[in-house]
Amino acid sequence: MAHIFVTGADGQLARALREVTGGWDFLSKADLDITSRGEVEDFFARTQPDVVINCAAFTDVDRAETEREAAVAVNCDGVRNLAQAAAKSRAAVIHISTDYVFGGDTMRPYIETDTPAPVNFYGHSKLAGERAFFESGCRGAVVRTSWLWSDDGTGFVAAIRRKAAREGEIRVVADQVGTPTEAHSLARGLVRMVGEGFGIVNLLANSEAGLFHFCDGPVMSRAEWARRIVADAGLDCRVAEVSSTEFPTPARRPAFSALDNSKYRGMYGE
Ligand SMILES: NC(=O)c1ccc[n+]([C@@H]2O[C@H](COP(=O)([O-])OP(=O)(O)OC[C@H]3O[C@@H](n4cnc5c(N)ncnc54)[C@H](OP(=O)(O)O)[C@@H]3O)[C@@H](O)[C@H]2O)c1
């Protein structure tokens with residue numbers, strides 16, 4: 001049986017993976033700090049993994065603007081450490097990346113061959129991580145996802161529910177458009193990639209073959225998403241559409257970052 005490890009075990013995606021998998025091993029930051037090259041090399045030598053799913057990341061988009069070294073250490077150097085160690089062994093890595101590598105300069109969902117142009121430092125650090133991954137020559141894939149959410153009381157969904165339960169009207173930006181992706185849905189998608197595609201994962205080695213977009217869709221603005229969250233929760237609250245300029249944040253967000261997941265669906269199904 002393949003020996004499969006997941007890094008970043010305490011994060012949103014890894015927690016969902018834990019719920020949908022059996023027999024995989026989960027590594028918290030305390031178990032494996034991916035920024036430590038020595039720890040990563042020692043881990044590969046000791047455990048001889050078949051597949052590592054990298055869910056570890058610096059994901060605070062606003063903090064990344066001011067904590068640039070920390071963001072690069074995890075999102076780029078950490079990915080390089082994993083990928084280079086994997087390249088020297090027989091392991092494959094599936095690394096998770098983001099829609100925020102794109103600049104929002106289109107109105108159709110991004111495909112894998114579109115040119116990235118990040119508008120914030122988080123996006124730059126994640127793009128650098130993708131490039132380090134493909135430069136390493138390791139086997140595996142990069143899976144970009146977007147607007148990840150789960151029903152675990154954290155993130156955008158929980159924030160909207162909390163606010164809508166308290167207030168008769170909430171104001172949500174309408175000029176950020178993307179594709180929400182439920183964490184368990186992505187987790188099941190990754191299981192399909194590893195399960196059905198263990199041989200395929202072993203073959204993928206470059207940015208053309210090994211890059212996938214995964215999202216649930218449909219394409220919607222943050223305000224439209226909020227409206228759905230409010231309706232699904234059975235709350236009586238109006239969602240007023242506002243512009244991002246009304247909610248200034250340290251990091252810019254792309255106006256449009258929806259992903260097209262046709263390539264993934266073509267290879268691995270719905
Ligand atoms: N959340 C989204 O909306 C979204 C959208 C698109 C793509 N993504 C991508 O999806 C992936 C999973 O995101 P997520 O929402 O699950 O993120 P998350 O909840 O922030 O989890 C990331 C995990 O990585 C851990 N970590 C940080 N530095 C580490 C290190 N040096 N070594 C090992 N672990 C480390 C964090 O631990 P600490 O908390 O203790 O630092 C945290 O448990 C990431 O690659 C992210 O870029 C997320």
# chains A, B, ... in the order shown; residues from 1 in each chain; ligands from 1
>>> residues_near_ligand(ligand="ligand 1", cutoff="8 Å", atoms="only C-alpha atoms and all ligand atoms", output="number ranges by chain")
A: 7-15, 27-36, 54-60, 73-75, 78, 95-100, 126, 144-149, 155, 183
>>> residues_around(residues="segment 245-260 of chain A", least_positions_apart="5", cutoff="8 Å", atoms="only C-alpha atoms", output="JSON, numbers by chain")
{"A": [61, 62, 63, 65, 99, 100, 102, 103, 104, 105, 106, 107, 108, 109, 110, 111, 118, 119, 120, 121, 145, 146, 173, 175, 176, 177, 178, 179, 213, 214, 215, 219]}
>>> closest_residue(among="A:Gly168, A:Gly195, A:Pro180, A:Pro49", to="Arg222 of chain A", atoms="only C-alpha atoms")
A:Pro180
>>> residues_around(residues="Ala91 of chain A", least_positions_apart="5", cutoff="9 Å", atoms="only C-alpha atoms", output="list in words")
Phe44, Gln48, Pro49, Asp50, Val51, Val52, Ala85, Ala86, Cys138, Arg139, Gly140 and Asn202 of chain A
>>> write_last_selection(atoms="C-alpha atoms", output="compact mmCIF listing (two decimals), in the first residue's frame")
# COMPACT_ATOMS: atom_id res chain seq x y z
CA PHE A 44 12.24 11.70 3.30
CA GLN A 48 10.47 6.91 2.23
CA PRO A 49 7.05 8.35 1.32
CA ASP A 50 5.32 7.45 -1.94
CA VAL A 51 3.26 10.66 -2.12
CA VAL A 52 3.34 13.90 -0.12
CA ALA A 85 13.88 15.97 -1.58
CA ALA A 86 11.15 14.15 -3.54
CA CYS A 138 10.15 16.03 -9.01
CA ARG A 139 7.20 13.91 -10.04
CA GLY A 140 3.71 15.06 -9.11
CA ASN A 202 4.34 9.36 -11.26
>>> atom_distance(atom1="atom CA of Ile4 of chain A", atom2="atom CA of Gln84 of chain A")
17.3 Å
>>> atom_distance(atom1="atom CA of Arg37 of chain A", atom2="atom CA of Ser89 of chain A")
14.8 Å
>>> select_by_dssp(residues="segment 82-250 of chain A", states="helix (DSSP H, G or I)", output="VMD selection string")
chain A and resid 82 to 88 99 to 101 121 to 136 155 to 166 183 to 203 222 to 232 244 to 246
>>> closest_residue(among="A:Asp152, A:Glu69, A:Asp25, A:Glu169", to="Ile53 of chain A", atoms="only C-alpha atoms")
A:Asp25
>>> atom_distance(atom1="atom CA of Val143 of chain A", atom2="atom CA of Ile94 of chain A")
7.1 Å
>>> closest_atom_pairs(of="segment 134-171 of chain A", to="segment 231-239 of chain A", cutoff="8 Å", atoms="only C-alpha atoms", output="tab-separated table")
residue	atom	partner	partner_atom	distance
A:Arg161	CA	A:Ala233	CA	7.2
A:Ala164	CA	A:Cys237	CA	5.7
A:Ala165	CA	A:Leu235	CA	6.4
A:Glu167	CA	A:Cys237	CA	6.8
A:Gly168	CA	A:Cys237	CA	4.7
A:Glu169	CA	A:Arg238	CA	4.5
A:Ile170	CA	A:Val239	CA	5.1
A:Arg171	CA	A:Val239	CA	5.8
>>> write_last_selection(atoms="N, CA and C atoms", output="short mmCIF file (atom, residue, chain, number, x, y, z; two decimals), in the first residue's frame")
data_model
loop_
_atom_site.label_atom_id
_atom_site.label_comp_id
_atom_site.auth_asym_id
_atom_site.auth_seq_id
_atom_site.Cartn_x
_atom_site.Cartn_y
_atom_site.Cartn_z
N ARG A 161 -22.20 34.41 8.02
CA ARG A 161 -23.30 33.88 8.85
C ARG A 161 -23.42 34.66 10.15
N ALA A 164 -24.69 38.23 9.42
CA ALA A 164 -26.07 38.24 8.94
C ALA A 164 -27.05 37.87 10.05
N ALA A 165 -26.59 37.10 11.03
CA ALA A 165 -27.45 36.73 12.15
C ALA A 165 -27.69 37.93 13.07
N GLU A 167 -27.29 41.37 11.98
CA GLU A 167 -27.66 42.63 11.33
C GLU A 167 -28.71 42.42 10.23
N GLY A 168 -29.51 43.45 9.98
CA GLY A 168 -30.55 43.37 8.96
C GLY A 168 -30.01 43.56 7.56
N GLU A 169 -28.84 44.20 7.48
CA GLU A 169 -28.19 44.40 6.16
C GLU A 169 -26.69 44.29 6.33
N ILE A 170 -26.05 43.56 5.42
CA ILE A 170 -24.58 43.52 5.43
C ILE A 170 -24.08 44.00 4.07
N ARG A 171 -22.88 44.59 4.08
CA ARG A 171 -22.32 45.15 2.86
C ARG A 171 -21.16 44.24 2.43
#
>>> select_by_dssp(residues="segment 50-170 of chain A", states="strand (DSSP E or B)", output="JSON, numbers by chain")
{"A": [51, 52, 53, 54, 92, 93, 94, 95, 96, 97, 98, 110, 139, 140, 141, 142, 143, 144, 145, 148, 149, 169, 170]}
>>> closest_residue(among="A:Val172, A:Val93, A:Ser150, A:Arg131", to="Ala187 of chain A", atoms="only C-alpha atoms")
A:Ser150
